[in-house]
Amino acid sequence: MLAEKYADRIEKIFSKYPDKRSGIMDLLYLAQEEYGWLSEDTLREVAALCDVDPTQAHSIAGFYTMFSEKPKGTYWLQVCTDLPCALRGADQFYQELCAYLDVDDGGTTSDGLFTVEQVMCLAACDKAPMLQCNFHYYENLDMDIIKGLIEQWRAQAQQEAAE
Amino acid sequence: MEHILLRDLDIPDIWQFDTYMANGGYDGLKKAVADHTPDEVIQIVMDSNLRGRGGAGFPTGRKWSFIPKDAEIKYVTVNADESEPGTFKDRQLLEKNPHQVLEGSLITAYAIQATAVYIYCRGEFWDLAHELEVRIEEARAANLLGENILGTDWSCDVHIHLGAGAYICGEESALLNSLQGLLGQPRVRPPFPAQHGGGLYYQPTVVNNVETLANVPWILLNGAEAYRSIGTPESPGPKIFCMSGHVEKPGNYELPLGITFRELIYEHAGGIPNGKELKAILPSGASGPVLVATDEVLDSPLTYESVEALGSTLGSASFILMDEDTDMVWAAAKMNHFFKHESCGKCTPCREGTFWLDRVYERLLRGEGTARDLTILENVPRQMQGVTLCALGDFAANPVLSTVTQFRAEYERYIQSPEPAAASNMPDAAR
Amino acid sequence: MAETVTITIDGQQFQVPKGINLVDAAKMSGTDIPVFCYHPKMDPVGMCRMCLVELGSVVTNRETGEPDVDDNGDPVVRWFPKLQTACTQTVSEGMVVRGATQRVRDARDDILEFILTSHPLDCPICDKGGECPLQNLTMAYGPGESRFVFDDKIRLDKHVPLGDLIYLDRERCIQCARCTRFCDEVVGDDVLAFHERGRRLQIVTISDPPFDTKFSGNTTDICPVGALTTADFRFGARPWELDEVPSICPHCPVGCNISASTRLDRDFGGKKVIKRIMPRQNEHVNEIWICDKGRFGHHHARAEERLTTPLLRRGDEWVAVDWDTAYSEIAGRLKKAGDNVAFLAGNNLSNEDLWELRKLAHRTSNTPRLGVWPAFMTGADAVAQAGVGTGTRLQDMGPDSAILVIASDFEEEAPVWWLQVKQAADRGAKVVVANGRPTKLDRYATEVVHYEYGDAVAVLNSFAARARSKNKIDADFTARVDGAAELEAELKGTRVPFADAAETLLDAEDLVIFAGGEGLTLDQHRELMQAAANLLLLTGHAGKPNNGLVPVWPGANLQGAFDLGFSAETTAALADQPPTVWFIGSADPAAEDAALVQSLANAEFVVVSTQFMTPTAAHANVILPAQSFAEREGTFTNGMRRVQRFYTAQGPVGDTLPEWRIYANIGARLGGDKPRISAALVMRDITQNVPRYAAMAYPALAAVEKQFPDVGGDDLYYGGTAYTNTGGLGIQWPANAEDESARLQVRPVQLDGYQIEGLFAVPVRVLYDRSTLFEQSEMMHTHVPEPFAEINNQDAAHIGIVDGEVIRLNVNGAQHLLTARVNGQAPAGVVLVPQLLSKTPIVIGPAACAIEKIGE
């Protein structure tokens with residue numbers, strides 16, 4: 001349970017705001033970090049912490065693209081294919097990435113390691129093609145660089161699984 | 001010339017507290033607090049004629065002056081939800097020169113006697129926001145924020161609120177809702193954020209863009225007059241231009257307002273790659289009308305007024321450049337898709353219009369477009385203009401309308417059948 | 001009249017109240033500004049954009065203050081360059097509106113085209129078809145044909161249950177947020193919300209239980225399309241086949257005005273049947289809201305279990321007989337019994353029934369025993385003196401008002417009053433909630449008082465003491481109150497344990513007290529009502545609108561029963577002096593009171609008029625099949641003393657008769673007059689014999705006047721579906737305090753608590769129960785809990801029981817197996833026992849009890 005495990009962080013979140021409801025986005029992030037995604041049970045847990053009806057937590061989670069109400073791969077790759085990036089080859093980069101990982105648009109690799117999605121502008125237009133992996137920026141990419149990164153991530157995942 | 005905003009280009013370590021302090025850091029705040037009353041600070045910023053850098057260009061000092069003096073609780077909210085396609089200046093400021101933004105927000109907070117500053121960072125600025133928290137603690141340790149700032153009886157805390165992926169939260173009232181844990185949809189205005197009932201937690205609130213605030217310390221230190229000497233009288237000060245798309249040297253450029261398109265594109269940003277011709281310019285990201293890169297345009301000065309005279313808007317000065325090979329129908333479809341994705345759904349014209357247009361573009365790009373679709377592309381954006389709850393509906397109309405009118409031939413190439421498809425909006429049962 | 005301003009709409013000038021919404025102002029002036037999202041009972045949100053108008057204001061000369069005029073002498077108008085949404089404007093002096101120009105028409109056409117793009121054209125199979133705002137406005141606006149390609153349409157789920165009462169069709173939804181705003185703003189249960197965004201924006205709930213509010217049905221009325229439908233009515237009938245019959249909800253003291261939508265129905269042998277219950281506008285009573293019990297609790301009217309013929313007991317068997325046989329049998333018995341008869345009136349007999357029952361009783365004795373059921377509340381005399389002033393409207397109560405709700409679980413006992421008090425609190429009214437335990441209204445209270453059960457009278461009395469010590473006595477008013485000086489002297493030195501709550505009430509301009517009966521003995525309740533009257537009369541909060549006492553009677557017409565001479569004290573006295581003959585009109589005491597079961601079993605002869613075979617009827621010698629509220633005319637008097645008519649909605653079931661006619665027929669056999677031929681004539685008798693009812697003749701009760709907001713009529717777009725009030729607004733009888741020449745009385749109250757040692761049981765009332773009529777609505781059964789007892793956490797821990805465990809409750813010498821609820825709500829030492837969750841009586845008033853754990 002978040003309340004016990006992250007008591008300090010939760011208290012710090014609530015201390016920022018005059019009401020508990022304002023903490024809902026931070027808590028959804030915390031829950032997503034903990035559980036990987038936001039299941040209905042998780043939404044209930046967050047709602048109880050913020051003193052709102054579970055439906056309200058569901059609503060907030062559904063409005064924003066960075067909250068996921070479905071499980072994602074261990075590495076959630078969000079490739080910007082908006083116009084400025086696309087003018088610098090992001091569409092092609094995205095297609096090649098999907099092909100390389102053998103997934104469809106928005107899909108997750110069969111080993112559950114990678115989810116690949118297109119997203120809207122990430123404010124890195126000058127460094128396209130680029131993506132976010134679990135919210136960290138990787139910029140000025142090409143297929144060689146991303147293949148290297150993917151190998152690193154795979155190795156990292158294997159190592160974590162071994163531990 | 002030394003940079004006023006992108007000081008990291010001159011002093012790479014300026015993000016570090018000590019470096020910032022060694023280079024006059026927080027002197028603007030100290031001066032404001034020591035030498036000026038809050039009202040004087042507002043007056044100085046009014047005199048500087050600093051205009052909001054978020055896109056609308058509203059005079060910053062006037063915005064502050066709207067805050068009712070009798071309000072007990074007041075807030076400053078920093079709009080760091082930078083999400084306009086082609087815009088990446090606030091990110092650089094927050095990453096590379098964060099203390100200057102903090103200082104600017106604290107001066108603002110002092111001017112309106114706010115009790116708290118909330119920095120609304122778009123969620124994707126995940127790493128940046130967590131770094132920024134460290135910067136805030138550095139400033140707190142130096143008594144530059146928190147309790148009894150610089151020994152005065154004014155206290156003000158600074159908090160970061162992370163968005164989670166919604167362009168609409170850059171709209172100030174949607175931002176406030178989002179901060180309050182409500183759905184990030186715009187509010188009915190009036191009351192405006194500065195008014196009772198309109199701001200954060202319904203208290204009077206100043207909402208300013210990151211770049212706007214980054215100007216403020218310099219203005220306090222150097223005075224309004226010095227600031228007005230940069231740029232043009234109506235649009236004074238330095239402006240960060242974000243250069244992206246088909247451009248040799250993409251990135252941010254801090255230049256005085258009033259330079260020409262040509263200077264910006266060819267002298268500073270290195271021109272168009274591969275010796276291609278420049279075809280079209282989006283001077284304010286996806287939300288402003290596209291400009292055909294004629295000589296008239298290229299020789300125009302970059303001020304809020306002149307770009308408007310050309311039929312577009314300077315907005316946040318996010319330049320997306322497109323070379324001669326760019327398919328403008330494809331580009332417009334991309335932009336409309338963005339707005340369809342980002343429409344909050346609250347009001348009818350934007351929700352339905354962007355969706356409808358998206359479907360039409362899909363069909364067009366599949367080669368199944370009809371003549372009727374072309375009229376829809378002309379009509380539907382007009383039906384959205386001027387009637388939506390916030391500006392997103394107007395923004396969304398711009399790329400479609402401006403490309404349909406200026407690049408019509410490109411659209412016509414996509415139309416296979418000259419006959420309109422039969423409208424067959426019949427219930428399932430009847431089909 | 002409030003301050004007015006002059007506005008111009010399409011060239012015509014109107015005077016309208018300053019600061020009201022422009023859409024409302026236009027409507028008031030007879031101009032329609034079409035809306036989908038705006039609703040006159042909720043805050044504007046500017047979402048649908050249908051109400052676009054050209055908006056301007058008259059330019060006034062700064063020096064002269066006079067309007068500038070142009071060359072033609074017309075005022076100069078400064079127009080907004082863009083069209084504005086009318087719903088987000090409040091009217092101000094000099095506002096000029098154009099709503100009929102081509103520019104406006106075009107803009108509205110455009111909006112409508114947008115709304116229709118993905119909206120399914122399934123009107124022929126849509127429940128809303130025929131009374132649909134979108135359908136109607138599409139006839140008035142919008143292009144004749146669609147430019148939207150059908151295959152482009154978004155596809156969404158079409159049959160989404162939001163709980164088991166309301167269904168959602170996501171394709172029909174036009175994202176107006178009326179339903180989510182109703183839940184959040186009006187009711188305060190924010191169990192509906194939008195999910196996703198843009199065109200994928202859709203209504204969801206994951207609340208548990210889903211869509212858990214007692215007012216969910218109202219969302220289907222205000223939904224401007226067929227997106228929300230009720231499980232009761234969906235696919236049930238087409239609106240144009242329905243006859244709307246004005247009626248009054250028979251379930252609680254609010255007296256909500258309802259409309260029974262009826263039609264001839266194949267499933268009921270081609271007979272007329274109620275297909276649905278809709279709210280009917282009465283701004284003095286329920287405005288345009290009703291609760292789900294009222295909406296869905298009508299199925300008893302055509303239930304298969306209805307009794308259809310008189311029944312005579314022959315040994316262990318029931319024999320169907322004709323009315324004459326039944327009447328003769330009863331008349332003979334009554335004649336013999338003389339003074340040995342007790343008459344018991346149920347809480348939803350009509351005034352006409354009560355009058356004829358009373359007349360019948362007087363045929364048997366000069367001093368007949370006329371009791372009410374249930375009989376745990378009394379104090380009609382306090383109501384007669386200090387009852388809430390005529391013209392009271394809870395919706396007018398705001399920052400200057402205070403409302404005390406004492407000894408009531410208000411949402412369970414009077415849902416629509418709860419809703420209105422909650423909204424008053426939202427508007428700034430000070431609400432004090434006083435009870436022996438937390439209730440839902442606590443959320444909205446300025447002050448919450450949790451007294452020990454038994455101390456309710458003392459608490460209310462102490463408020464009067466505070467009024468004295470804080471100089472809040474209204475000397476002008478008390479000049480006509482007998483006993484005021486003596487009472488004040490008595491109050492001197494009284495301890496005031498909840499001083500903040502007292503002062504919250506005393507500082508307000510207007511004060512209304514809602515008094516229930518939870519946790520009180522009948523004697524205590526008489527004192528509670530007197531204490532309320534004392535407080536109100538001493539402080540002058542009586543005799544005017546929005547001031548005074550409102551009893552939260554159990555049932556729709558106990559007020560009428562008290563008005564016509566029945567009393568709870570008489571019922572109470574029957575325990576010590578049981579009659580040999582019982583005559584019971586639509587009451588089921590055997591389901592609630594174990595002592596009475598014995599009494600009935602011992603009786604020589606029992607007559608019961610009833611719609612159903614109840615535990616009480618099981619003791620009867622003769623059962624008289626009565627008509628439901630749907631089959632006859634009549635009147636109920638609500639808790640605010642408003643006498644309201646209900647009309648015949650369907651034909652009779654079997655040989656049933658209205659109870660007034662049954663009683664009159666028996667009376668005729670005892671030498672009385674021939675029965676009147678109609679309820680109207682019975683009421684005429686009442687008007688001639690009961691001074692308070694002198695004005696209550698049927699035509700007067702049927703009078704209607706224009707109400708604001710003007711939500712009735714065909715322009716469904718504005719308020720929603722079916723609110724037209726053609727049946728009458730009813731008439732309130734004035735309390736004595738309203739007659740300035742009348743002398744009023746106060747007296748010191750008895751403050752005695754209980755003499756109960758240890759754990760004790762307190763009966764409480766729940767909205768969704770297994771009472772005779774309501775249990776016939778099968779669709780509500782999932783909402784009725786199994787019989788349970790709520791136990792304090794520490795007490796439960798001490799006994800070793802946990803939430804959900806089945807326990808044995810020993811009370812009044814009987815044992816009951818009940819599910820334990822341990823949820824922190826029950827105070828220490830108290831076991832809360834909801835009434836009527838089963839047909840077995842448990843406890844009727846506060847009583848000592850014990851709880852046992854049942855083995856391992």
# chains A, B, ... in the order shown; residues from 1 in each chain; ligands from 1
call {"tool": "closest_atom_pairs", "arguments": {"of": "chain B", "to": "chain A", "cutoff": "7 Å", "atoms": "only C-alpha atoms", "output": "CSV"}}
result
residue,atom,partner,partner_atom,distance
B:Glu82,CA,A:Ala123,CA,6.8
B:Ser83,CA,A:Ala123,CA,6.2
B:Glu84,CA,A:Cys121,CA,7.0
B:Pro85,CA,A:Cys121,CA,5.2
B:Gly86,CA,A:Cys125,CA,5.7
B:Thr87,CA,A:Ala123,CA,5.7
B:Phe88,CA,A:Ala123,CA,4.5
B:Glu124,CA,A:Phe135,CA,6.1
B:Trp126,CA,A:Phe135,CA,6.2
B:Asp127,CA,A:His136,CA,6.6
B:His159,CA,A:Lys16,CA,6.4
B:Ala164,CA,A:Met66,CA,5.0
B:Gly165,CA,A:Thr65,CA,5.0
B:Ala166,CA,A:Tyr64,CA,5.8
B:Leu179,CA,A:Ser22,CA,5.9
B:Gln180,CA,A:Ser22,CA,4.3
B:Gly181,CA,A:Ser22,CA,4.2
B:Leu183,CA,A:Ile60,CA,6.0
B:Met243,CA,A:Asp126,CA,7.0
B:Ser244,CA,A:Asp126,CA,5.3
B:Gly245,CA,A:Pro84,CA,4.8
B:His246,CA,A:Leu87,CA,6.5
B:Pro250,CA,A:Asp126,CA,4.9
B:Gly251,CA,A:Asp126,CA,5.2
B:Ile320,CA,A:Pro84,CA,6.3
B:Ala331,CA,A:Leu83,CA,6.5
B:Lys334,CA,A:Leu83,CA,5.9
B:Met335,CA,A:Leu83,CA,6.6
B:Phe338,CA,A:Met120,CA,6.6
call {"tool": "write_last_selection", "arguments": {"atoms": "C-alpha atoms", "output": "PDB file, in the first residue's frame"}}
result
ATOM      1  CA  GLU B  82       5.551  24.388 -22.938  1.00  0.00           C
ATOM      2  CA  SER B  83       3.750  22.209 -25.469  1.00  0.00           C
ATOM      3  CA  GLU B  84       3.304  24.168 -28.669  1.00  0.00           C
ATOM      4  CA  PRO B  85       4.853  22.217 -31.529  1.00  0.00           C
ATOM      5  CA  GLY B  86       8.112  23.935 -32.391  1.00  0.00           C
ATOM      6  CA  THR B  87       8.564  25.527 -28.980  1.00  0.00           C
ATOM      7  CA  PHE B  88      11.454  24.557 -26.695  1.00  0.00           C
ATOM      8  CA  GLU B 124       7.309  15.376 -19.827  1.00  0.00           C
ATOM      9  CA  TRP B 126      10.165  14.980 -15.597  1.00  0.00           C
ATOM     10  CA  ASP B 127      13.931  15.135 -15.130  1.00  0.00           C
ATOM     11  CA  HIS B 159       6.279  24.608  -5.455  1.00  0.00           C
ATOM     12  CA  ALA B 164       0.862  14.837 -17.267  1.00  0.00           C
ATOM     13  CA  GLY B 165       0.593  15.340 -20.985  1.00  0.00           C
ATOM     14  CA  ALA B 166      -2.058  17.808 -22.061  1.00  0.00           C
ATOM     15  CA  LEU B 179      -3.232  22.289 -10.585  1.00  0.00           C
ATOM     16  CA  GLN B 180      -6.299  21.965  -8.407  1.00  0.00           C
ATOM     17  CA  GLY B 181      -6.673  18.300  -9.299  1.00  0.00           C
ATOM     18  CA  LEU B 183      -9.991  18.072 -15.180  1.00  0.00           C
ATOM     19  CA  MET B 243      14.074  27.350 -34.870  1.00  0.00           C
ATOM     20  CA  SER B 244      12.993  23.903 -36.022  1.00  0.00           C
ATOM     21  CA  GLY B 245      12.023  21.924 -39.087  1.00  0.00           C
ATOM     22  CA  HIS B 246      14.013  22.412 -42.239  1.00  0.00           C
ATOM     23  CA  PRO B 250      17.959  24.315 -35.211  1.00  0.00           C
ATOM     24  CA  GLY B 251      17.819  25.673 -31.701  1.00  0.00           C
ATOM     25  CA  ILE B 320       8.838  25.761 -38.018  1.00  0.00           C
ATOM     26  CA  ALA B 331       1.845  19.179 -42.802  1.00  0.00           C
ATOM     27  CA  LYS B 334      -0.148  16.662 -38.864  1.00  0.00           C
ATOM     28  CA  MET B 335      -1.041  19.906 -37.193  1.00  0.00           C
ATOM     29  CA  PHE B 338      -2.192  17.470 -32.982  1.00  0.00           C
TER      30      PHE B 338
END
call {"tool": "select_by_dssp", "arguments": {"residues": "segment 276-339 of chain C", "states": "helix (DSSP H, G or I)", "output": "VMD selection string"}}
result
chain C and resid 292 to 296 299 to 302 323 to 339
call {"tool": "residues_around", "arguments": {"residues": "Asp70 of chain B", "least_positions_apart": "4", "cutoff": "12 Å", "atoms": "only C-alpha atoms", "output": "CSV table (one decimal) with C-alpha atoms, in the first residue's frame"}}
result
chain,number,residue,atom,x,y,z
B,66,PHE,CA,-5.1,43.8,-12.0
B,74,LYS,CA,-2.7,35.7,-3.9
B,112,ILE,CA,1.7,41.2,-6.0
B,113,GLN,CA,2.5,40.1,-2.4
B,195,GLN,CA,-9.8,38.6,-10.3
B,196,HIS,CA,-11.6,37.3,-7.2
B,203,GLN,CA,-8.0,33.5,-5.4
B,204,PRO,CA,-6.4,36.3,-7.5
call {"tool": "closest_residue", "arguments": {"among": "C:Met640, C:Ile330, C:Val606, C:Ile154", "to": "chain B", "atoms": "only C-alpha atoms"}}
result
C:Ile154
call {"tool": "atom_distance", "arguments": {"atom1": "atom CA of Lys147 of chain A", "atom2": "atom CA of Thr108 of chain A"}}
result
16.5 Å
call {"tool": "closest_residue", "arguments": {"among": "B:Phe407, B:Tyr167, B:Tyr20, B:Tyr414", "to": "chain C", "atoms": "only C-alpha atoms"}}
result
B:Tyr167
call {"tool": "atom_distance", "arguments": {"atom1": "atom CA of Gln611 of chain C", "atom2": "atom CA of Ile277 of chain C"}}
result
19.7 Å
call {"tool": "interface_residues", "arguments": {"of": "chain C", "to": "chain B", "cutoff": "10 Å", "atoms": "only C-alpha atoms", "output": "PyMOL selection string"}}
result
chain C and resi 37+44-50+52+81-85+88-89+106-125+145-154+174-177+193-202
call {"tool": "atom_distance", "arguments": {"atom1": "atom CA of Asn621 of chain C", "atom2": "atom CA of Pro554 of chain C"}}
result
27.5 Å
call {"tool": "residues_around", "arguments": {"residues": "Thr614 of chain C", "least_positions_apart": "6", "cutoff": "10 Å", "atoms": "only C-alpha atoms", "output": "ChimeraX atom specification"}}
result
/C:586-591,608,620,771-772,839
call {"tool": "write_last_selection", "arguments": {"atoms": "C-alpha atoms", "output": "short mmCIF file (atom, residue, chain, number, x, y, z; two decimals), in the first residue's frame"}}
result
data_model
loop_
_atom_site.label_atom_id
_atom_site.label_comp_id
_atom_site.auth_asym_id
_atom_site.auth_seq_id
_atom_site.Cartn_x
_atom_site.Cartn_y
_atom_site.Cartn_z
CA SER C 586 -53.44 1.20 5.40
CA ALA C 587 -51.04 0.77 8.26
CA ASP C 588 -48.81 -2.15 9.04
CA PRO C 589 -47.99 -1.86 12.73
CA ALA C 590 -47.42 -5.61 12.99
CA ALA C 591 -44.28 -5.18 10.89
CA VAL C 608 -57.76 -3.82 7.81
CA ALA C 620 -57.55 -9.41 10.22
CA SER C 771 -42.25 -1.12 3.64
CA THR C 772 -45.53 -2.28 2.15
CA LYS C 839 -41.38 -7.80 8.25
#
call {"tool": "closest_residue", "arguments": {"among": "A:Leu149, A:Ala3, A:Leu43, A:Ala31", "to": "chain C", "atoms": "only C-alpha atoms"}}
result
A:Leu43
call {"tool": "residues_around", "arguments": {"residues": "Ser247 of chain C", "least_positions_apart": "2", "cutoff": "10 Å", "atoms": "only C-alpha atoms", "output": "PyMOL selection string"}}
result
chain C and resi 244-245+249-250+255-260+277-280+629-630+633-635+644-649+725+727-728
call {"tool": "write_last_selection", "arguments": {"atoms": "N, CA and C atoms", "output": "PDB file, in the first residue's frame"}}
result
ATOM      1  N   GLU C 244     -50.013  12.367 -19.183  1.00  0.00           N
ATOM      2  CA  GLU C 244     -49.386  12.829 -17.951  1.00  0.00           C
ATOM      3  C   GLU C 244     -50.464  13.137 -16.920  1.00  0.00           C
ATOM      4  N   VAL C 245     -50.375  12.480 -15.789  1.00  0.00           N
ATOM      5  CA  VAL C 245     -51.365  12.712 -14.733  1.00  0.00           C
ATOM      6  C   VAL C 245     -50.668  13.307 -13.517  1.00  0.00           C
ATOM      7  N   CYS C 249     -46.130  12.359  -4.623  1.00  0.00           N
ATOM      8  CA  CYS C 249     -45.405  11.168  -4.203  1.00  0.00           C
ATOM      9  C   CYS C 249     -45.903  10.696  -2.845  1.00  0.00           C
ATOM     10  N   PRO C 250     -46.217   9.405  -2.718  1.00  0.00           N
ATOM     11  CA  PRO C 250     -46.782   8.905  -1.464  1.00  0.00           C
ATOM     12  C   PRO C 250     -45.756   8.422  -0.447  1.00  0.00           C
ATOM     13  N   GLY C 255     -43.612  15.662  -0.028  1.00  0.00           N
ATOM     14  CA  GLY C 255     -44.771  15.880  -0.898  1.00  0.00           C
ATOM     15  C   GLY C 255     -44.381  16.311  -2.291  1.00  0.00           C
ATOM     16  N   CYS C 256     -43.355  15.691  -2.837  1.00  0.00           N
ATOM     17  CA  CYS C 256     -42.899  16.060  -4.170  1.00  0.00           C
ATOM     18  C   CYS C 256     -44.040  15.968  -5.173  1.00  0.00           C
ATOM     19  N   ASN C 257     -44.125  16.993  -6.002  1.00  0.00           N
ATOM     20  CA  ASN C 257     -45.094  16.984  -7.077  1.00  0.00           C
ATOM     21  C   ASN C 257     -44.538  16.104  -8.179  1.00  0.00           C
ATOM     22  N   ILE C 258     -45.325  15.154  -8.590  1.00  0.00           N
ATOM     23  CA  ILE C 258     -44.866  14.229  -9.620  1.00  0.00           C
ATOM     24  C   ILE C 258     -45.898  14.152 -10.734  1.00  0.00           C
ATOM     25  N   SER C 259     -45.462  13.595 -11.822  1.00  0.00           N
ATOM     26  CA  SER C 259     -46.361  13.372 -12.928  1.00  0.00           C
ATOM     27  C   SER C 259     -46.281  11.888 -13.248  1.00  0.00           C
ATOM     28  N   ALA C 260     -47.440  11.242 -13.276  1.00  0.00           N
ATOM     29  CA  ALA C 260     -47.451   9.830 -13.636  1.00  0.00           C
ATOM     30  C   ALA C 260     -47.686   9.752 -15.142  1.00  0.00           C
ATOM     31  N   ILE C 277     -42.554   7.650 -13.477  1.00  0.00           N
ATOM     32  CA  ILE C 277     -42.873   8.818 -12.656  1.00  0.00           C
ATOM     33  C   ILE C 277     -41.865   9.906 -12.990  1.00  0.00           C
ATOM     34  N   MET C 278     -42.383  11.110 -13.252  1.00  0.00           N
ATOM     35  CA  MET C 278     -41.516  12.240 -13.577  1.00  0.00           C
ATOM     36  C   MET C 278     -41.762  13.353 -12.562  1.00  0.00           C
ATOM     37  N   PRO C 279     -40.767  14.181 -12.347  1.00  0.00           N
ATOM     38  CA  PRO C 279     -41.004  15.317 -11.456  1.00  0.00           C
ATOM     39  C   PRO C 279     -41.903  16.348 -12.124  1.00  0.00           C
ATOM     40  N   ARG C 280     -42.690  17.022 -11.312  1.00  0.00           N
ATOM     41  CA  ARG C 280     -43.588  18.074 -11.790  1.00  0.00           C
ATOM     42  C   ARG C 280     -43.195  19.322 -11.020  1.00  0.00           C
ATOM     43  N   PHE C 629     -52.582   5.236  -4.596  1.00  0.00           N
ATOM     44  CA  PHE C 629     -52.661   6.666  -4.944  1.00  0.00           C
ATOM     45  C   PHE C 629     -52.912   6.863  -6.434  1.00  0.00           C
ATOM     46  N   ALA C 630     -52.601   5.839  -7.199  1.00  0.00           N
ATOM     47  CA  ALA C 630     -52.698   5.997  -8.656  1.00  0.00           C
ATOM     48  C   ALA C 630     -54.128   5.863  -9.164  1.00  0.00           C
ATOM     49  N   GLU C 633     -58.507   9.989  -6.754  1.00  0.00           N
ATOM     50  CA  GLU C 633     -58.141  11.357  -6.418  1.00  0.00           C
ATOM     51  C   GLU C 633     -57.961  11.491  -4.925  1.00  0.00           C
ATOM     52  N   GLY C 634     -57.295  12.543  -4.528  1.00  0.00           N
ATOM     53  CA  GLY C 634     -57.175  12.801  -3.112  1.00  0.00           C
ATOM     54  C   GLY C 634     -56.206  13.932  -2.856  1.00  0.00           C
ATOM     55  N   THR C 635     -55.964  14.157  -1.576  1.00  0.00           N
ATOM     56  CA  THR C 635     -54.996  15.188  -1.193  1.00  0.00           C
ATOM     57  C   THR C 635     -54.116  14.663  -0.070  1.00  0.00           C
ATOM     58  N   GLN C 644     -52.009  19.246  -1.100  1.00  0.00           N
ATOM     59  CA  GLN C 644     -51.769  19.094  -2.535  1.00  0.00           C
ATOM     60  C   GLN C 644     -52.591  17.948  -3.106  1.00  0.00           C
ATOM     61  N   ARG C 645     -53.086  18.167  -4.282  1.00  0.00           N
ATOM     62  CA  ARG C 645     -53.958  17.174  -4.925  1.00  0.00           C
ATOM     63  C   ARG C 645     -53.184  16.168  -5.745  1.00  0.00           C
ATOM     64  N   PHE C 646     -53.673  14.931  -5.702  1.00  0.00           N
ATOM     65  CA  PHE C 646     -53.235  13.963  -6.706  1.00  0.00           C
ATOM     66  C   PHE C 646     -54.453  13.469  -7.464  1.00  0.00           C
ATOM     67  N   TYR C 647     -54.227  13.039  -8.686  1.00  0.00           N
ATOM     68  CA  TYR C 647     -55.327  12.759  -9.610  1.00  0.00           C
ATOM     69  C   TYR C 647     -55.312  11.283 -10.009  1.00  0.00           C
ATOM     70  N   THR C 648     -56.418  10.859 -10.582  1.00  0.00           N
ATOM     71  CA  THR C 648     -56.553   9.462 -10.977  1.00  0.00           C
ATOM     72  C   THR C 648     -55.681   9.164 -12.199  1.00  0.00           C
ATOM     73  N   ALA C 649     -54.724   8.274 -12.005  1.00  0.00           N
ATOM     74  CA  ALA C 649     -53.784   7.974 -13.082  1.00  0.00           C
ATOM     75  C   ALA C 649     -54.149   6.706 -13.819  1.00  0.00           C
ATOM     76  N   ASN C 725     -46.663  21.885 -14.677  1.00  0.00           N
ATOM     77  CA  ASN C 725     -47.577  21.677 -13.562  1.00  0.00           C
ATOM     78  C   ASN C 725     -48.962  22.155 -13.958  1.00  0.00           C
ATOM     79  N   GLY C 727     -51.589  20.462 -12.469  1.00  0.00           N
ATOM     80  CA  GLY C 727     -52.457  19.906 -11.429  1.00  0.00           C
ATOM     81  C   GLY C 727     -52.624  20.781 -10.210  1.00  0.00           C
ATOM     82  N   GLY C 728     -51.864  21.851 -10.134  1.00  0.00           N
ATOM     83  CA  GLY C 728     -52.021  22.733  -8.986  1.00  0.00           C
ATOM     84  C   GLY C 728     -50.785  22.779  -8.127  1.00  0.00           C
TER      85      GLY C 728
END
call {"tool": "residues_around", "arguments": {"residues": "Arg684 of chain C", "least_positions_apart": "2", "cutoff": "9 Å", "atoms": "only C-alpha atoms", "output": "list of chain:residue names"}}
result
C:Ala679, C:Ala680, C:Leu681, C:Val682, C:Ile686, C:Thr687, C:Gln688, C:Asn689, C:Ala694, C:Met696, C:Ala697, C:Tyr698
